[in-house]
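Below is my_file-v2.cif, which holds mmCIF, C-alpha atoms, pLDDT in the B column; chains and numbers go by the auth columns.
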data_target
#
loop_
_atom_site.group_PDB
_atom_site.id
_atom_site.type_symbol
_atom_site.label_atom_id
_atom_site.label_comp_id
_atom_site.label_asym_id
_atom_site.label_seq_id
_atom_site.Cartn_x
_atom_site.Cartn_y
_atom_site.Cartn_z
_atom_site.B_iso_or_equiv
_atom_site.auth_seq_id
_atom_site.auth_asym_id
ATOM 1 C CA MET A 1 110.999 83.708 116.891 43.00 1 A
ATOM 2 C CA ASN A 2 109.087 86.687 115.520 51.00 2 A
ATOM 3 C CA GLU A 3 109.212 86.803 111.698 73.00 3 A
ATOM 4 C CA ARG A 4 109.682 90.332 110.403 79.00 4 A
ATOM 5 C CA LEU A 5 108.598 91.397 106.928 81.00 5 A
ATOM 6 C CA THR A 6 110.853 93.878 105.147 84.00 6 A
ATOM 7 C CA GLY A 7 110.862 95.674 101.804 86.00 7 A
ATOM 8 C CA ILE A 8 107.896 95.071 99.545 87.00 8 A
ATOM 9 C CA LYS A 9 106.807 92.137 101.720 89.00 9 A
ATOM 10 C CA ALA A 10 106.116 94.575 104.580 90.00 10 A
ATOM 11 C CA PHE A 11 102.908 95.522 102.749 91.00 11 A
ATOM 12 C CA GLU A 12 101.645 91.963 103.332 91.00 12 A
ATOM 13 C CA ASP A 13 101.107 92.851 107.023 90.00 13 A
ATOM 14 C CA VAL A 14 97.411 93.619 106.522 88.00 14 A
ATOM 15 C CA ASP A 15 96.796 93.690 110.282 89.00 15 A
ATOM 16 C CA ASN A 16 98.932 96.828 110.661 88.00 16 A
ATOM 17 C CA ILE A 17 98.887 98.527 107.275 88.00 17 A
ATOM 18 C CA SER A 18 96.310 99.225 104.574 91.00 18 A
ATOM 19 C CA VAL A 19 97.479 99.867 101.013 92.00 19 A
ATOM 20 C CA ASN A 20 95.420 100.219 97.837 94.00 20 A
ATOM 21 C CA ILE A 21 98.164 100.965 95.290 93.00 21 A
ATOM 22 C CA LEU A 22 101.808 99.899 94.997 91.00 22 A
ATOM 23 C CA ALA A 23 104.023 101.666 92.433 87.00 23 A
ATOM 24 C CA ALA A 24 107.672 102.144 91.529 81.00 24 A
ATOM 25 C CA PRO A 25 109.431 103.952 88.676 73.00 25 A
ATOM 26 C CA GLN A 26 110.533 101.538 85.945 66.00 26 A
ATOM 27 C CA ASP A 27 113.865 103.195 85.173 66.00 27 A
ATOM 28 C CA ASP A 28 115.387 102.103 88.490 66.00 28 A
ATOM 29 C CA VAL A 29 113.426 98.910 89.202 73.00 29 A
ATOM 30 C CA SER A 30 114.144 95.466 87.774 79.00 30 A
ATOM 31 C CA ARG A 31 111.550 93.192 86.223 78.00 31 A
ATOM 32 C CA PRO A 32 111.653 90.737 89.183 86.00 32 A
ATOM 33 C CA ILE A 33 110.820 93.638 91.519 85.00 33 A
ATOM 34 C CA MET A 34 107.852 94.579 89.340 83.00 34 A
ATOM 35 C CA GLN A 35 106.700 90.953 89.433 88.00 35 A
ATOM 36 C CA GLU A 36 106.995 90.968 93.236 91.00 36 A
ATOM 37 C CA LEU A 37 104.931 94.180 93.374 90.00 37 A
ATOM 38 C CA ALA A 38 102.224 92.437 91.345 91.00 38 A
ATOM 39 C CA ARG A 39 102.359 89.335 93.570 94.00 39 A
ATOM 40 C CA VAL A 40 102.054 91.336 96.782 94.00 40 A
ATOM 41 C CA ALA A 41 99.285 93.509 95.331 95.00 41 A
ATOM 42 C CA ALA A 42 97.276 90.416 94.395 95.00 42 A
ATOM 43 C CA LYS A 43 97.778 88.977 97.881 94.00 43 A
ATOM 44 C CA ILE A 44 96.534 92.119 99.657 94.00 44 A
ATOM 45 C CA ASN A 45 93.814 92.975 97.111 95.00 45 A
ATOM 46 C CA ALA A 46 95.570 96.115 95.863 96.00 46 A
ATOM 47 C CA MET A 47 96.780 97.422 92.514 95.00 47 A
ATOM 48 C CA ALA A 48 100.386 97.461 91.312 91.00 48 A
ATOM 49 C CA ILE A 49 101.235 100.144 88.773 87.00 49 A
ATOM 50 C CA CYS A 50 104.146 99.235 86.538 80.00 50 A
ATOM 51 C CA SER A 51 105.416 101.517 83.807 79.00 51 A
ATOM 52 C CA VAL A 52 107.143 99.978 80.809 78.00 52 A
ATOM 53 C CA PRO A 53 110.728 100.829 79.891 78.00 53 A
ATOM 54 C CA ALA A 54 111.152 103.998 77.835 82.00 54 A
ATOM 55 C CA GLY A 55 111.492 103.732 74.078 88.00 55 A
ATOM 56 C CA LEU A 56 109.226 100.740 73.471 88.00 56 A
ATOM 57 C CA THR A 57 106.549 100.686 70.797 91.00 57 A
ATOM 58 C CA ALA A 58 102.994 99.787 71.816 90.00 58 A
ATOM 59 C CA ARG A 59 103.526 96.186 70.601 92.00 59 A
ATOM 60 C CA GLN A 60 106.848 95.875 72.430 90.00 60 A
ATOM 61 C CA ALA A 61 105.229 97.220 75.614 81.00 61 A
ATOM 62 C CA ILE A 62 102.483 94.579 75.391 82.00 62 A
ATOM 63 C CA ASP A 63 105.053 91.824 74.803 85.00 63 A
ATOM 64 C CA TRP A 64 107.202 93.103 77.669 76.00 64 A
#
Conversion result in structure tokens:
Amino acid sequence: MNERLTGIKAFEDVDNISVNILAAPQDDVSRPIMQELARVAAKINAMAICSVPAGLTARQAIDW
């Protein structure tokens, strides 16, 4: 059976795709998705850009 990667995991297919940066807007993306972006980016030696939710102070953004 041929395993097929979908969604964010599709970027793990380093034999067929080369990515340096992964990003998604925070307003529509949950925290687990942002964590998955970071995990995949680390696995493929890329950078994940995650914006913090609107309305946070600098301290709240760091704690988030």
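With distances taken over all atoms listed in the file, A:Ala46 is the one residue among A:Ala46, A:Ile33, A:Glu3, A:Arg39 lying closest to Asn20 of chain A.
You will find atom CA of Ser51 of chain A at 23.3 Å from atom CA of Thr6 of chain A.
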Polymer residues at most 9 Å from Glu12 of chain A, only C-alpha atoms, same-chain spacing of 4 or more positions, as a PyMOL selection string: chain A and resi 5+8+17+40-41+43-44
Residue neighbourhood Ser30 of chain A, 12 Å, all atoms listed in the file, exclusion window fewer than 5 positions, as a CSV table (one decimal) with C-alpha atoms, keeping the file's coordinate frame:
chain,number,residue,atom,x,y,z
A,24,ALA,CA,107.7,102.1,91.5
A,25,PRO,CA,109.4,104.0,88.7
A,35,GLN,CA,106.7,91.0,89.4
A,36,GLU,CA,107.0,91.0,93.2
A,37,LEU,CA,104.9,94.2,93.4
A,50,CYS,CA,104.1,99.2,86.5
A,51,SER,CA,105.4,101.5,83.8
A,52,VAL,CA,107.1,100.0,80.8
A,53,PRO,CA,110.7,100.8,79.9
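Here atom CA of Asp63 of chain A is placed at a distance of 22.0 Å from atom CA of Leu22 of chain A.
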